[in-house]
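Asks: Have a look at this one before I ask anything.
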Amino acid sequence: MPRGKRWPDTPYQKLPLEVLSVDVLNRVIDMRAEYDLALRAYQGRIAQSELEKKSIERALSSADTHQDDVQNEIAQLYAQLAPFRVGVIGKWLLFEPTLTIGSGLGAAHYKLEAQPLIAKLNDAYRRWQPGTPKSSLLRQQLQDLETKPHFAPKREAKLRYQSQTFVFDIAAIDTEQLVRIIEKKEGKAALEKAEERNKHDRMQTALGQTKAKAAAYENKQRELAKTVRAALQRQLKDNPCCPYCNVELSSKEPHADHIHPIVKGGLSTIENMVFVCESCNVRKGTLTLRAFLRKMNYVEVEVYERLEGMGKDI
Ligand SMILES: [Zn+2]
């Protein structure tokens, strides 16, 4: 069966890097750095263990070689002592050789010849320590080292993002790629912020311009009103009454009113302006004529007729 067709190559999920927030991406970078540290520590432990193993093996082999040499030496000494018929019990020698008479050599000669060899043999036995505590200790240490488990850091990492848990391979994370994505995201965010600010500024400007235009318009209408006011003087002669309340206007304080208010787009024309009493002018304020008449409970038709009679637009 072709591998990887039926099963995924890895049991890990792929992190949707492009979707993750900058905070989460930074967290992944931290996780990767921690993994790298743990991995380096693990590799250090393995290397250290290898070094120790080699050093113990060297010590053991030198101990073994040494023992081999001693063993050879003992064998040679035995060969040399053979003619003297030296008795041996275990590794212990019988110091006095059994002397055989009649070989042509005297006891003193035997002793003279054999004694140094016996001394050497004794010395060699003292040095020959097969399975000494030292070498068995080394062997035990070696075995311990070989069976000691080393745990590699887990590649499986978990991340929760928007109530979803991702199980991913932290070792497969490319930190540089994450940094690039973060930079892109931060750049984009900065651009969006700048654009938002520009938009706000443009709106503020537009609003300012509109306000300025409105103010200019109102100023112009009020300026115009002054000239129209002069033209209105005739009204006082023809009909010296307030067209709204029909009360006679005292000649000194007629108020020029915009029938359709300036703030609602009313113009300063002779057709839209009329002298009214102070009381009506103040009460009307920025109300439309209809709203004002209703508020005052005046008979609308009568007021309209009076205004039309004066040549006003209503
Ligand atoms: Zn009035």
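Labeling convention for the structure tokens: chains A, B, ... as they appear, residues from 1 per chain, ligands from 1 in order of appearance.
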Residues within 8 Å of ligand 1 (only C-alpha atoms and all ligand atoms), as a ChimeraX atom specification?
Replies: /A:241-247,249,276-281
Asks: As a VMD selection string, please: every residue in region 4-205 of chain A that a backbone DSSP assignment puts in helix (DSSP H, G or I).
Replies: chain A and resid 22 to 84 107 to 127 133 to 147 170 to 172 175 to 205
Asks: Hey, which of A:Phe151, A:Met203, A:Glu176, A:Ala225 ends up closest to Leu39 (chain A)? Count only C-alpha atoms.
Replies: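 Among the listed residues, the smallest separation from Leu39 (chain A) belongs to A:Phe151.
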Asks: If DSSP is run on the backbone, what residues of region 66-294 of chain A are strand (DSSP E)? A reply as an NGL selection string would be ideal.
Replies: :A and (88-89 or 92-93 or 156-161 or 164-169 or 255-258 or 273-276)
Asks: Give me, as a PyMOL selection string, all polymer residues having an atom no more than 12 Å from region 304-314 of chain A, counting only C-alpha atoms and skipping those fewer than 2 positions away in the same chain.
Replies: chain A and resi 232+234-246+257-261+266-276+288-290+293+298-302
Asks: Would you kindly return, as a list in words, each protein, DNA or RNA residue with an atom no farther than 10 Å from any atom of Gln80 (chain A), considering only C-alpha atoms and excluding same-chain residues fewer than 6 positions away?
Replies: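 Residues meeting the cut-off are Ile74, Ala114, Leu117 and Ile118 of chain A.
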Asks: For the residues selected in the previous step, produce a file with N, CA and C atoms as a CSV table (one decimal), in the first residue's frame.
Replies:
chain,number,residue,atom,x,y,z
A,74,ILE,N,52.1,-14.9,34.5
A,74,ILE,CA,51.9,-16.0,35.4
A,74,ILE,C,52.2,-17.4,34.7
A,114,ALA,N,64.9,-20.9,42.1
A,114,ALA,CA,63.4,-20.9,42.1
A,114,ALA,C,62.9,-19.7,42.9
A,117,LEU,N,61.8,-16.6,41.1
A,117,LEU,CA,60.7,-16.9,40.3
A,117,LEU,C,59.4,-17.0,41.1
A,118,ILE,N,59.5,-17.6,42.3
A,118,ILE,CA,58.4,-17.7,43.2
A,118,ILE,C,57.9,-16.3,43.7
Asks: Skip region 205-214 of chain A itself and residues of its chain fewer than 5 positions away, then list as an NGL selection string all residues within 10 Å of it, counting only C-alpha atoms.
Replies: :A and (199-200 or 219-220 or 263 or 265)
Asks: Write the residues you've just listed into a file as an mmCIF file, in the first residue's frame, and include C-alpha atoms for each of them.
Replies:
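part.cif, written as the output of this step:
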data_model
loop_
_atom_site.group_PDB
_atom_site.id
_atom_site.type_symbol
_atom_site.label_atom_id
_atom_site.label_comp_id
_atom_site.auth_asym_id
_atom_site.auth_seq_id
_atom_site.Cartn_x
_atom_site.Cartn_y
_atom_site.Cartn_z
ATOM 1 C CA LYS A 199 -11.032 58.884 6.768
ATOM 2 C CA HIS A 200 -11.868 60.519 10.082
ATOM 3 C CA ASN A 219 -24.170 85.604 7.374
ATOM 4 C CA LYS A 220 -24.959 86.453 3.774
ATOM 5 C CA VAL A 263 -31.802 78.201 9.266
ATOM 6 C CA GLY A 265 -33.130 77.744 3.977
#
Asks: What is the CA of Val70 (chain A)-CA of Phe84 (chain A) distance in Å, reported with one decimal?
Replies: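 We find that CA of Val70 (chain A) and CA of Phe84 (chain A) lie 21.4 Å from each other.
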Asks: Report as a list in words all protein, DNA and RNA residues lying within 12 Å of Glu34 (chain A), evaluated on only C-alpha atoms, omitting residues in the same chain fewer than 3 positions from it.
Replies: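 Once the nearby chain positions are removed, what remains is Arg27, Val28, Ile29, Asp30, Met31, Leu37, Ala38, Leu39, Arg40, Ala41, Pro153, Lys154, Arg155, Ala157, Ile170 and Ala171 of chain A.
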Asks: Can I get the selection written as a PDB file, in the first residue's frame, with C-alpha atoms?
Replies:
ATOM      1  CA  ARG A  27       3.199  32.536  21.606  1.00  0.00           C
ATOM      2  CA  VAL A  28       4.033  29.907  18.976  1.00  0.00           C
ATOM      3  CA  ILE A  29       7.455  31.518  18.493  1.00  0.00           C
ATOM      4  CA  ASP A  30       8.043  31.264  22.270  1.00  0.00           C
ATOM      5  CA  MET A  31       6.975  27.615  22.240  1.00  0.00           C
ATOM      6  CA  LEU A  37      16.313  24.781  24.235  1.00  0.00           C
ATOM      7  CA  ALA A  38      14.956  21.441  25.439  1.00  0.00           C
ATOM      8  CA  LEU A  39      16.283  19.757  22.293  1.00  0.00           C
ATOM      9  CA  ARG A  40      19.767  21.200  22.799  1.00  0.00           C
ATOM     10  CA  ALA A  41      19.755  20.063  26.438  1.00  0.00           C
ATOM     11  CA  PRO A 153      11.476  16.755  24.066  1.00  0.00           C
ATOM     12  CA  LYS A 154       7.951  16.215  22.803  1.00  0.00           C
ATOM     13  CA  ARG A 155       7.280  17.509  19.327  1.00  0.00           C
ATOM     14  CA  ALA A 157       2.464  20.937  21.074  1.00  0.00           C
ATOM     15  CA  ILE A 170       6.394  22.351  17.182  1.00  0.00           C
ATOM     16  CA  ALA A 171       9.623  21.117  15.559  1.00  0.00           C
TER      17      ALA A 171
END
Asks: Record the distance separating CA of Tyr78 (chain A) and CA of Leu121 (chain A), expressed in Å with one decimal.
Replies: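 Atom-to-atom, CA of Tyr78 (chain A) and CA of Leu121 (chain A) are spaced 7.9 Å apart.
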Asks: Would you please work out which residue, of A:Ile262, A:Val22, A:Ala63, A:Leu142, is nearest to Ala189 (chain A) when using only C-alpha atoms?
Replies: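 That would be A:Val22, the residue with the smallest distance to Ala189 (chain A).
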